[in-house]
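Printed here is target.pdb (PDB, C-alpha atoms):
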```pdb
MODEL        1
ATOM      1  CA  MET F   1     -43.040 -56.696 -12.821  1.00  0.00           C
ATOM      2  CA  PRO F   2     -45.353 -56.371 -15.842  1.00  0.00           C
ATOM      3  CA  ASN F   3     -44.172 -54.533 -18.913  1.00  0.00           C
ATOM      4  CA  LEU F   4     -45.772 -51.083 -19.093  1.00  0.00           C
ATOM      5  CA  THR F   5     -45.939 -48.520 -21.878  1.00  0.00           C
ATOM      6  CA  LEU F   6     -46.132 -45.281 -19.880  1.00  0.00           C
ATOM      7  CA  PRO F   7     -43.823 -43.500 -22.360  1.00  0.00           C
ATOM      8  CA  THR F   8     -46.925 -43.374 -24.585  1.00  0.00           C
ATOM      9  CA  PHE F   9     -48.186 -40.563 -22.374  1.00  0.00           C
ATOM     10  CA  THR F  10     -44.962 -38.733 -21.619  1.00  0.00           C
ATOM     11  CA  PRO F  11     -44.933 -36.716 -24.900  1.00  0.00           C
ATOM     12  CA  LEU F  12     -48.663 -36.054 -24.558  1.00  0.00           C
ATOM     13  CA  PHE F  13     -48.267 -34.616 -21.065  1.00  0.00           C
ATOM     14  CA  GLU F  14     -44.920 -32.866 -21.482  1.00  0.00           C
ATOM     15  CA  GLN F  15     -44.969 -31.673 -25.104  1.00  0.00           C
ATOM     16  CA  HIS F  16     -48.441 -31.625 -26.668  1.00  0.00           C
ATOM     17  CA  LEU F  17     -50.378 -30.494 -23.585  1.00  0.00           C
ATOM     18  CA  ALA F  18     -47.371 -28.880 -21.889  1.00  0.00           C
ATOM     19  CA  LEU F  19     -48.820 -29.651 -18.473  1.00  0.00           C
ATOM     20  CA  LEU F  20     -47.706 -27.206 -15.784  1.00  0.00           C
ATOM     21  CA  LYS F  21     -46.289 -24.849 -18.432  1.00  0.00           C
ATOM     22  CA  ASN F  22     -49.409 -23.923 -20.393  1.00  0.00           C
ATOM     23  CA  PRO F  23     -51.419 -20.828 -19.336  1.00  0.00           C
ATOM     24  CA  ILE F  24     -54.358 -22.851 -18.015  1.00  0.00           C
ATOM     25  CA  CYS F  25     -52.162 -24.900 -15.675  1.00  0.00           C
ATOM     26  CA  GLN F  26     -50.224 -21.846 -14.550  1.00  0.00           C
ATOM     27  CA  SER F  27     -53.393 -19.984 -13.612  1.00  0.00           C
ATOM     28  CA  CYS F  28     -54.934 -22.971 -11.769  1.00  0.00           C
ATOM     29  CA  ASN F  29     -55.246 -22.406  -8.027  1.00  0.00           C
ATOM     30  CA  VAL F  30     -53.614 -25.592  -6.722  1.00  0.00           C
ATOM     31  CA  ASP F  31     -51.347 -26.019  -3.710  1.00  0.00           C
ATOM     32  CA  PRO F  32     -47.846 -25.780  -5.303  1.00  0.00           C
ATOM     33  CA  GLU F  33     -46.613 -28.670  -3.150  1.00  0.00           C
ATOM     34  CA  LEU F  34     -48.974 -31.012  -4.983  1.00  0.00           C
ATOM     35  CA  LYS F  35     -49.050 -29.397  -8.403  1.00  0.00           C
ATOM     36  CA  HIS F  36     -47.534 -32.404 -10.143  1.00  0.00           C
ATOM     37  CA  PRO F  37     -49.645 -34.115 -12.845  1.00  0.00           C
ATOM     38  CA  LEU F  38     -49.780 -37.888 -12.509  1.00  0.00           C
ATOM     39  CA  LEU F  39     -49.058 -40.091 -15.490  1.00  0.00           C
ATOM     40  CA  PRO F  40     -51.451 -43.059 -15.784  1.00  0.00           C
ATOM     41  CA  TRP F  41     -50.822 -45.721 -13.185  1.00  0.00           C
ATOM     42  CA  MET F  42     -50.369 -48.350 -15.854  1.00  0.00           C
ATOM     43  CA  VAL F  43     -50.818 -49.165 -19.509  1.00  0.00           C
ATOM     44  CA  GLY F  44     -50.298 -52.887 -19.983  1.00  0.00           C
ATOM     45  CA  SER F  45     -48.146 -54.061 -22.857  1.00  0.00           C
ATOM     46  CA  HIS F  46     -51.051 -56.283 -24.021  1.00  0.00           C
ATOM     47  CA  PHE F  47     -53.622 -53.485 -23.850  1.00  0.00           C
ATOM     48  CA  HIS F  48     -53.877 -53.024 -27.619  1.00  0.00           C
ATOM     49  CA  LYS F  49     -54.196 -56.786 -28.155  1.00  0.00           C
ATOM     50  CA  THR F  50     -57.423 -56.954 -26.149  1.00  0.00           C
ATOM     51  CA  GLU F  51     -60.794 -56.594 -27.798  1.00  0.00           C
ATOM     52  CA  GLU F  52     -62.119 -54.332 -25.026  1.00  0.00           C
ATOM     53  CA  ARG F  53     -59.175 -51.916 -24.562  1.00  0.00           C
ATOM     54  CA  ILE F  54     -60.415 -50.917 -21.121  1.00  0.00           C
ATOM     55  CA  ILE F  55     -59.302 -47.804 -19.300  1.00  0.00           C
ATOM     56  CA  PHE F  56     -60.360 -47.448 -15.665  1.00  0.00           C
ATOM     57  CA  VAL F  57     -60.476 -43.816 -14.509  1.00  0.00           C
ATOM     58  CA  GLY F  58     -60.338 -43.016 -10.803  1.00  0.00           C
ATOM     59  CA  LYS F  59     -60.696 -39.980  -8.601  1.00  0.00           C
ATOM     60  CA  PRO F  60     -57.782 -37.603  -7.856  1.00  0.00           C
ATOM     61  CA  HIS F  61     -54.751 -39.361  -6.401  1.00  0.00           C
ATOM     62  CA  ARG F  62     -53.283 -38.812  -2.943  1.00  0.00           C
ATOM     63  CA  GLY F  63     -49.954 -37.079  -2.417  1.00  0.00           C
ATOM     64  CA  THR F  64     -47.086 -37.723  -4.832  1.00  0.00           C
ATOM     65  CA  PRO F  65     -47.123 -41.494  -5.520  1.00  0.00           C
ATOM     66  CA  GLY F  66     -43.933 -41.878  -7.517  1.00  0.00           C
ATOM     67  CA  GLY F  67     -40.856 -40.137  -8.806  1.00  0.00           C
ATOM     68  CA  ILE F  68     -41.108 -36.567 -10.088  1.00  0.00           C
ATOM     69  CA  ARG F  69     -39.627 -36.099 -13.547  1.00  0.00           C
ATOM     70  CA  PRO F  70     -37.676 -32.915 -14.428  1.00  0.00           C
ATOM     71  CA  SER F  71     -40.865 -31.605 -16.072  1.00  0.00           C
ATOM     72  CA  GLY F  72     -42.705 -31.857 -12.732  1.00  0.00           C
ATOM     73  CA  ILE F  73     -44.838 -34.815 -13.840  1.00  0.00           C
ATOM     74  CA  ILE F  74     -45.123 -37.860 -11.569  1.00  0.00           C
ATOM     75  CA  ASP F  75     -44.113 -41.291 -12.884  1.00  0.00           C
ATOM     76  CA  PRO F  76     -45.921 -43.788 -10.591  1.00  0.00           C
ATOM     77  CA  THR F  77     -44.408 -46.968 -12.031  1.00  0.00           C
ATOM     78  CA  GLU F  78     -42.311 -47.881  -8.983  1.00  0.00           C
ATOM     79  CA  GLU F  79     -45.288 -47.455  -6.651  1.00  0.00           C
ATOM     80  CA  ILE F  80     -47.519 -49.971  -8.431  1.00  0.00           C
ATOM     81  CA  PHE F  81     -45.865 -53.380  -8.292  1.00  0.00           C
ATOM     82  CA  GLY F  82     -43.961 -55.424  -5.740  1.00  0.00           C
ATOM     83  CA  PRO F  83     -45.173 -56.986  -2.457  1.00  0.00           C
ATOM     84  CA  ASP F  84     -46.145 -53.603  -1.014  1.00  0.00           C
ATOM     85  CA  GLY F  85     -47.145 -51.994  -4.306  1.00  0.00           C
ATOM     86  CA  LEU F  86     -50.510 -50.347  -4.832  1.00  0.00           C
ATOM     87  CA  TRP F  87     -51.640 -53.049  -7.284  1.00  0.00           C
ATOM     88  CA  ASN F  88     -51.514 -55.568  -4.430  1.00  0.00           C
ATOM     89  CA  ILE F  89     -53.135 -53.653  -1.578  1.00  0.00           C
ATOM     90  CA  HIS F  90     -56.651 -54.295  -0.273  1.00  0.00           C
ATOM     91  CA  TRP F  91     -58.216 -50.858  -0.733  1.00  0.00           C
ATOM     92  CA  PRO F  92     -61.389 -51.261  -2.846  1.00  0.00           C
ATOM     93  CA  TYR F  93     -60.120 -48.862  -5.532  1.00  0.00           C
ATOM     94  CA  TRP F  94     -57.222 -51.216  -6.256  1.00  0.00           C
ATOM     95  CA  SER F  95     -58.418 -54.648  -5.171  1.00  0.00           C
ATOM     96  CA  TYR F  96     -61.851 -54.485  -6.841  1.00  0.00           C
ATOM     97  CA  THR F  97     -60.273 -53.277 -10.081  1.00  0.00           C
ATOM     98  CA  ARG F  98     -57.662 -56.012  -9.888  1.00  0.00           C
ATOM     99  CA  GLU F  99     -60.344 -58.681  -9.422  1.00  0.00           C
ATOM    100  CA  ILE F 100     -62.468 -57.288 -12.265  1.00  0.00           C
ATOM    101  CA  ALA F 101     -59.450 -57.317 -14.572  1.00  0.00           C
ATOM    102  CA  GLU F 102     -58.504 -60.828 -13.473  1.00  0.00           C
ATOM    103  CA  ASN F 103     -62.045 -62.018 -14.250  1.00  0.00           C
ATOM    104  CA  LEU F 104     -61.457 -60.959 -17.842  1.00  0.00           C
ATOM    105  CA  TYR F 105     -57.739 -61.556 -18.352  1.00  0.00           C
ATOM    106  CA  GLY F 106     -56.567 -63.917 -15.608  1.00  0.00           C
ATOM    107  CA  THR F 107     -52.873 -63.676 -14.784  1.00  0.00           C
ATOM    108  CA  GLU F 108     -52.414 -61.150 -17.602  1.00  0.00           C
ATOM    109  CA  ALA F 109     -54.721 -58.605 -15.905  1.00  0.00           C
ATOM    110  CA  ALA F 110     -52.103 -55.928 -15.212  1.00  0.00           C
ATOM    111  CA  GLU F 111     -50.743 -56.341 -18.732  1.00  0.00           C
ATOM    112  CA  SER F 112     -54.163 -55.914 -20.326  1.00  0.00           C
ATOM    113  CA  ILE F 113     -55.696 -52.706 -18.930  1.00  0.00           C
ATOM    114  CA  CYS F 114     -55.044 -49.012 -18.582  1.00  0.00           C
ATOM    115  CA  PHE F 115     -55.582 -47.316 -15.203  1.00  0.00           C
ATOM    116  CA  SER F 116     -55.610 -43.544 -14.879  1.00  0.00           C
ATOM    117  CA  ASN F 117     -57.124 -40.559 -13.012  1.00  0.00           C
ATOM    118  CA  LEU F 118     -59.767 -38.028 -13.978  1.00  0.00           C
ATOM    119  CA  ILE F 119     -57.864 -35.031 -12.593  1.00  0.00           C
ATOM    120  CA  LYS F 120     -54.096 -34.910 -12.908  1.00  0.00           C
ATOM    121  CA  CYS F 121     -53.012 -32.656 -10.029  1.00  0.00           C
ATOM    122  CA  THR F 122     -54.326 -32.979  -6.494  1.00  0.00           C
ATOM    123  CA  ASN F 123     -54.941 -31.159  -3.237  1.00  0.00           C
ATOM    124  CA  THR F 124     -55.397 -34.445  -1.450  1.00  0.00           C
ATOM    125  CA  HIS F 125     -53.256 -36.153   1.175  1.00  0.00           C
ATOM    126  CA  ASP F 126     -56.100 -38.058   2.886  1.00  0.00           C
ATOM    127  CA  SER F 127     -59.729 -37.106   2.181  1.00  0.00           C
ATOM    128  CA  ASP F 128     -60.504 -35.668  -1.237  1.00  0.00           C
ATOM    129  CA  ALA F 129     -59.867 -31.904  -1.361  1.00  0.00           C
ATOM    130  CA  THR F 130     -60.292 -31.417  -5.121  1.00  0.00           C
ATOM    131  CA  THR F 131     -61.721 -28.026  -6.042  1.00  0.00           C
ATOM    132  CA  ARG F 132     -64.263 -27.282  -8.731  1.00  0.00           C
ATOM    133  CA  GLU F 133     -61.700 -25.058 -10.450  1.00  0.00           C
ATOM    134  CA  MET F 134     -59.177 -27.892 -10.639  1.00  0.00           C
ATOM    135  CA  ALA F 135     -61.754 -30.266 -12.081  1.00  0.00           C
ATOM    136  CA  PHE F 136     -63.064 -27.783 -14.640  1.00  0.00           C
ATOM    137  CA  ARG F 137     -59.644 -26.760 -15.909  1.00  0.00           C
ATOM    138  CA  CYS F 138     -58.310 -30.298 -16.198  1.00  0.00           C
ATOM    139  CA  ILE F 139     -61.421 -31.976 -17.631  1.00  0.00           C
ATOM    140  CA  LYS F 140     -63.029 -29.193 -19.651  1.00  0.00           C
ATOM    141  CA  ASP F 141     -60.384 -26.591 -20.489  1.00  0.00           C
ATOM    142  CA  LEU F 142     -57.510 -28.998 -21.154  1.00  0.00           C
ATOM    143  CA  GLY F 143     -59.490 -32.199 -21.717  1.00  0.00           C
ATOM    144  CA  VAL F 144     -56.553 -34.281 -20.516  1.00  0.00           C
ATOM    145  CA  ILE F 145     -58.500 -37.465 -19.853  1.00  0.00           C
ATOM    146  CA  TRP F 146     -60.117 -37.331 -23.295  1.00  0.00           C
ATOM    147  CA  ARG F 147     -56.703 -36.884 -24.900  1.00  0.00           C
ATOM    148  CA  GLU F 148     -55.505 -39.953 -23.010  1.00  0.00           C
ATOM    149  CA  ILE F 149     -58.482 -41.968 -24.249  1.00  0.00           C
ATOM    150  CA  GLU F 150     -57.782 -40.822 -27.806  1.00  0.00           C
ATOM    151  CA  THR F 151     -54.033 -41.463 -27.542  1.00  0.00           C
ATOM    152  CA  ILE F 152     -54.434 -45.127 -26.598  1.00  0.00           C
ATOM    153  CA  LYS F 153     -57.538 -45.577 -28.766  1.00  0.00           C
ATOM    154  CA  ALA F 154     -59.563 -47.057 -25.920  1.00  0.00           C
ATOM    155  CA  ARG F 155     -62.788 -48.902 -26.729  1.00  0.00           C
ATOM    156  CA  THR F 156     -64.177 -49.112 -23.193  1.00  0.00           C
ATOM    157  CA  VAL F 157     -64.026 -46.472 -20.453  1.00  0.00           C
ATOM    158  CA  VAL F 158     -65.035 -46.961 -16.819  1.00  0.00           C
ATOM    159  CA  PHE F 159     -65.141 -43.732 -14.793  1.00  0.00           C
ATOM    160  CA  TYR F 160     -65.262 -44.391 -11.027  1.00  0.00           C
ATOM    161  CA  THR F 161     -66.548 -40.852 -10.625  1.00  0.00           C
ATOM    162  CA  TYR F 162     -70.358 -40.913 -10.560  1.00  0.00           C
ATOM    163  CA  SER F 163     -70.482 -38.652  -7.486  1.00  0.00           C
ATOM    164  CA  LEU F 164     -67.553 -36.451  -8.549  1.00  0.00           C
ATOM    165  CA  TYR F 165     -68.275 -33.790 -11.190  1.00  0.00           C
ATOM    166  CA  ARG F 166     -69.983 -36.136 -13.623  1.00  0.00           C
ATOM    167  CA  ASP F 167     -71.662 -33.061 -15.121  1.00  0.00           C
ATOM    168  CA  LEU F 168     -68.233 -32.232 -16.560  1.00  0.00           C
ATOM    169  CA  LEU F 169     -68.352 -35.499 -18.511  1.00  0.00           C
ATOM    170  CA  GLN F 170     -71.566 -34.748 -20.394  1.00  0.00           C
ATOM    171  CA  GLU F 171     -69.648 -33.646 -23.483  1.00  0.00           C
ATOM    172  CA  ILE F 172     -67.548 -36.285 -25.231  1.00  0.00           C
ATOM    173  CA  PRO F 173     -65.019 -34.316 -27.296  1.00  0.00           C
ATOM    174  CA  CYS F 174     -63.874 -37.336 -29.303  1.00  0.00           C
ATOM    175  CA  ALA F 175     -67.414 -38.376 -30.341  1.00  0.00           C
ATOM    176  CA  LEU F 176     -68.362 -38.049 -33.994  1.00  0.00           C
ATOM    177  CA  PRO F 177     -71.291 -35.638 -34.523  1.00  0.00           C
ATOM    178  CA  GLY F 178     -74.686 -37.129 -33.706  1.00  0.00           C
ATOM    179  CA  SER F 179     -73.271 -40.453 -32.501  1.00  0.00           C
ATOM    180  CA  ILE F 180     -73.738 -40.192 -28.714  1.00  0.00           C
ATOM    181  CA  GLN F 181     -76.269 -42.679 -27.373  1.00  0.00           C
ATOM    182  CA  GLU F 182     -77.662 -42.492 -23.814  1.00  0.00           C
ATOM    183  CA  ILE F 183     -78.012 -46.127 -22.751  1.00  0.00           C
ATOM    184  CA  THR F 184     -79.190 -45.245 -19.243  1.00  0.00           C
ATOM    185  CA  PRO F 185     -80.321 -41.878 -17.824  1.00  0.00           C
ATOM    186  CA  TYR F 186     -77.903 -39.456 -16.174  1.00  0.00           C
ATOM    187  CA  GLU F 187     -79.421 -40.191 -12.726  1.00  0.00           C
ATOM    188  CA  HIS F 188     -79.666 -43.977 -13.182  1.00  0.00           C
ATOM    189  CA  ALA F 189     -78.649 -46.447 -10.456  1.00  0.00           C
ATOM    190  CA  VAL F 190     -78.625 -50.231 -10.050  1.00  0.00           C
ATOM    191  CA  PRO F 191     -78.878 -52.427  -6.925  1.00  0.00           C
ATOM    192  CA  CYS F 192     -75.554 -53.498  -5.416  1.00  0.00           C
ATOM    193  CA  ARG F 193     -76.122 -55.605  -2.295  1.00  0.00           C
ATOM    194  CA  ASN F 194     -78.085 -53.303   0.049  1.00  0.00           C
ATOM    195  CA  LYS F 195     -77.163 -50.054  -1.734  1.00  0.00           C
ATOM    196  CA  MET F 196     -77.910 -48.335  -5.002  1.00  0.00           C
ATOM    197  CA  LEU F 197     -74.931 -47.858  -7.296  1.00  0.00           C
ATOM    198  CA  GLY F 198     -74.796 -44.861  -9.633  1.00  0.00           C
ATOM    199  CA  TRP F 199     -74.713 -46.171 -13.211  1.00  0.00           C
ATOM    200  CA  TRP F 200     -74.688 -43.822 -16.221  1.00  0.00           C
ATOM    201  CA  GLU F 201     -73.993 -45.712 -19.440  1.00  0.00           C
ATOM    202  CA  ARG F 202     -73.386 -44.187 -22.868  1.00  0.00           C
ATOM    203  CA  SER F 203     -71.784 -44.966 -26.206  1.00  0.00           C
ATOM    204  CA  CYS F 204     -70.524 -43.075 -29.240  1.00  0.00           C
ATOM    205  CA  ASP F 205     -68.552 -43.450 -32.432  1.00  0.00           C
ATOM    206  CA  THR F 206     -65.052 -42.018 -32.745  1.00  0.00           C
ATOM    207  CA  ALA F 207     -62.415 -41.737 -35.436  1.00  0.00           C
ATOM    208  CA  TRP F 208     -60.792 -44.964 -34.194  1.00  0.00           C
ATOM    209  CA  CYS F 209     -63.735 -46.908 -32.791  1.00  0.00           C
ATOM    210  CA  LYS F 210     -67.252 -47.640 -34.064  1.00  0.00           C
ATOM    211  CA  ASN F 211     -68.676 -48.184 -30.588  1.00  0.00           C
ATOM    212  CA  LEU F 212     -66.838 -46.538 -27.697  1.00  0.00           C
ATOM    213  CA  ARG F 213     -68.567 -47.730 -24.503  1.00  0.00           C
ATOM    214  CA  LEU F 214     -68.550 -45.387 -21.503  1.00  0.00           C
ATOM    215  CA  LEU F 215     -69.746 -46.087 -17.980  1.00  0.00           C
ATOM    216  CA  VAL F 216     -69.766 -43.499 -15.204  1.00  0.00           C
ATOM    217  CA  VAL F 217     -70.228 -45.614 -12.087  1.00  0.00           C
ATOM    218  CA  GLY F 218     -70.094 -45.182  -8.335  1.00  0.00           C
ATOM    219  CA  HIS F 219     -66.695 -45.556  -6.676  1.00  0.00           C
ATOM    220  CA  PRO F 220     -65.881 -49.053  -5.309  1.00  0.00           C
ATOM    221  CA  GLU F 221     -65.328 -47.758  -1.783  1.00  0.00           C
ATOM    222  CA  ARG F 222     -67.994 -48.938   0.698  1.00  0.00           C
ATOM    223  CA  MET F 223     -69.665 -51.131  -1.922  1.00  0.00           C
ATOM    224  CA  GLY F 224     -70.150 -54.891  -1.509  1.00  0.00           C
ATOM    225  CA  ARG F 225     -67.190 -56.551  -3.173  1.00  0.00           C
ATOM    226  CA  PRO F 226     -68.757 -59.641  -4.837  1.00  0.00           C
ATOM    227  CA  GLU F 227     -71.733 -57.678  -6.147  1.00  0.00           C
ATOM    228  CA  TYR F 228     -69.701 -54.729  -7.399  1.00  0.00           C
ATOM    229  CA  VAL F 229     -67.119 -56.918  -9.095  1.00  0.00           C
ATOM    230  CA  GLN F 230     -69.833 -59.031 -10.743  1.00  0.00           C
ATOM    231  CA  LEU F 231     -71.739 -55.993 -12.044  1.00  0.00           C
ATOM    232  CA  LEU F 232     -68.636 -54.476 -13.623  1.00  0.00           C
ATOM    233  CA  SER F 233     -67.326 -57.794 -14.949  1.00  0.00           C
ATOM    234  CA  ASP F 234     -70.661 -58.555 -16.603  1.00  0.00           C
ATOM    235  CA  TRP F 235     -70.846 -55.099 -18.162  1.00  0.00           C
ATOM    236  CA  LEU F 236     -67.331 -55.356 -19.505  1.00  0.00           C
ATOM    237  CA  ARG F 237     -68.247 -58.703 -21.075  1.00  0.00           C
ATOM    238  CA  GLY F 238     -71.047 -56.936 -22.936  1.00  0.00           C
ATOM    239  CA  LYS F 239     -73.951 -57.642 -20.620  1.00  0.00           C
ATOM    240  CA  SER F 240     -76.020 -54.610 -19.633  1.00  0.00           C
ATOM    241  CA  GLY F 241     -76.058 -53.312 -16.051  1.00  0.00           C
TER     242      GLY F 241
ENDMDL
END
```

Represent the structure from my file as structure tokens, please.
Amino acid sequence: MPNLTLPTFTPLFEQHLALLKNPICQSCNVDPELKHPLLPWMVGSHFHKTEERIIFVGKPHRGTPGGIRPSGIIDPTEEIFGPDGLWNIHWPYWSYTREIAENLYGTEAAESICFSNLIKCTNTHDSDATTREMAFRCIKDLGVIWREIETIKARTVVFYTYSLYRDLLQEIPCALPGSIQEITPYEHAVPCRNKMLGWWERSCDTAWCKNLRLLVVGHPERMGRPEYVQLLSDWLRGKSG
């Protein structure tokens, strides 16, 4: 099992943001059964040694994938690895990301990336039942994902959320004033086999990074695997999409 550094986020979630205990979380209209914020799936122990420092950001998770800490936060570590772990299953969300990471880092893929979620609580057991209120409070009011990006000092961010509330990602709270660059338009798309793939690329300067690269891209599900993986791998290597 790879070495992970999830404790990096435990103080952020439990102390600094006080998830579940702060007034915004307490007033959020989420099914109490699933009101358990999910720690990032993984932060590889080699993450900060990579030039790219990539964080992949997915849609809301399903159910409660992991152990619930006394604070109510989910630690997903035990669900990720092993023969039946999520990192090894064939769902596009996991398998495409795994292949993209392996294209860059080989056998050290899991050790070299961060993998997280845009929204920390969920109403979802099967199909996505995220509400606009949940998204707005988590992304805009609390800015949890931006605090994660800042905490690990990411240099590259891939949001698999082009069709899910991307309007809530227009502001980049960590960007230095006047530094945001629109590389592609908000409504941009690129060919991916016989479909068009949403592709909104931006960059900005931050306190820790001269050129933070951000890509809001269509979710891997129902996309051609070789084409999708190649597009993302090329972009992560610095080639434009």

Practice problem: Using the chain letters and numbers from the file, give me the residues hit by the PyMOL selection byres ((chain F and resi 154-162) around 7), as a count of residues only. | Solution: 25

Quiz prompt | Nearest residue to Leu142 (chain F) from the set F:Phe115, F:Tyr186, F:Trp94, F:Phe13 (distances using all atoms listed in the file) | solution = F:Phe13

Self-check item: Among the residues F:Val190, F:Leu34, F:Leu118, F:Ala101, the one that comes closest to Lys140 (chain F) [using only C-alpha atoms]
Solution: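 Answer, going by the shortest atom-to-atom distance: F:Leu118.
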
Quiz item: Which residue gives the smallest distance to Lys49 (chain F) among F:Ile145, F:Ile139, F:Cys174, F:Ile113, with all atoms listed in the file counted?
Solution: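 Smallest distance to Lys49 (chain F) is found for F:Ile113.
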
Quiz item: Do you know which residues the PyMOL selection byres ((chain F and resi 30) around 8) returns on this file, as a PyMOL selection string?
Solution: chain F and resi 28-29+31-32+34-35+121-123+134

Could you tell me, as a PDB file with C-alpha atoms, in the coordinates of the input, exactly which residues end up selected when the PyMOL selection byres ((chain F and resi 193) around 7) is applied to this structure?
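That gives us result_27.pdb:
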```
ATOM      1  CA  PRO F 191     -78.878 -52.427  -6.925  1.00  0.00           C
ATOM      2  CA  CYS F 192     -75.554 -53.498  -5.416  1.00  0.00           C
ATOM      3  CA  ASN F 194     -78.085 -53.303   0.049  1.00  0.00           C
ATOM      4  CA  LYS F 195     -77.163 -50.054  -1.734  1.00  0.00           C
ATOM      5  CA  GLY F 224     -70.150 -54.891  -1.509  1.00  0.00           C
ATOM      6  CA  GLU F 227     -71.733 -57.678  -6.147  1.00  0.00           C
TER       7      GLU F 227
END
```

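Nearest-residue note for Arg137 (chain F): choosing from F:Arg62, F:Cys25, F:Asp75, F:Phe9, the minimum distance belongs to F:Cys25, counting all atoms listed in the file.
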
Quiz item: Excluding same-chain residues fewer than 2 positions from Pro7 (chain F), what lies within 12 Å of it counting all atoms listed in the file, as a list in words?
Solution: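 Returned residues: Asn3, Leu4, Thr5, Phe9, Thr10, Pro11, Leu12, Phe13, Glu14, Leu39, Pro40, Trp41, Met42, Val43, Gly44, Ser45, Asp75, Pro76, Thr77, Thr151 and Ile152 of chain F.
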
Exercise. Figure out the distance between CA of Pro220 (chain F) and CA of Ile183 (chain F), please, to one decimal in Å.
Key: 21.4 Å

Quiz prompt | Counting only C-alpha atoms, the residue of F:Pro92, F:Gly143, F:Pro37, F:Gly67 that sits nearest Arg222 (chain F) | solution =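 Checking each of F:Pro92, F:Gly143, F:Pro37, F:Gly67 against Arg222 (chain F), counting only C-alpha atoms, the winner is F:Pro92.
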
Quiz item: Suppose you want the space between CA of His48 (chain F) and CA of Glu182 (chain F); what is it in Å?
Solution: 26.3 Å

Self-check item: Residues near Asn88 (chain F), cut-off 12 Å, all atoms listed in the file, skip fewer than 5 positions along chain, as a list in words
Solution: Met1, Glu79, Ile80, Phe81, Gly82, Pro83, Tyr93, Trp94, Ser95, Tyr96, Thr97, Arg98, Glu99 and Ala110 of chain F

Quiz item: Can you find the residues with an atom no farther than 8 Å from (-45.1, -27.4, -14.8), counting all atoms listed in the file, and report them as an MDAnalysis selection string?
Solution: chainID F and resid 18:22 25:26 35:36 71:73

Quiz item: What is the CA of Lys120 (chain F) to CA of His61 (chain F) distance in Å?
Solution: 7.9 Å

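Restricting the calculation to all atoms listed in the file, the smallest distance between Ile68 (chain F) and any of F:Glu33, F:Glu221, F:Asp84, F:Asp167 is found for F:Glu33.
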
Quiz item: Skipping near chain neighbours, those fewer than 4 positions away, what residues fall within 9 Å of Ala175 (chain F) using only C-alpha atoms, listed as a count of residues only?
Solution: 9

Taking all listed atoms of region 182-185 of chain F, build the axis-aligned box, pad each of the six sides by 5 Å, then write its centre and edge lengths in Å to one decimal as JSON.
```
{"center_x": -79.0, "center_y": -44.0, "center_z": -20.8, "size_x": 12.7, "size_y": 14.2, "size_z": 16.0}
```
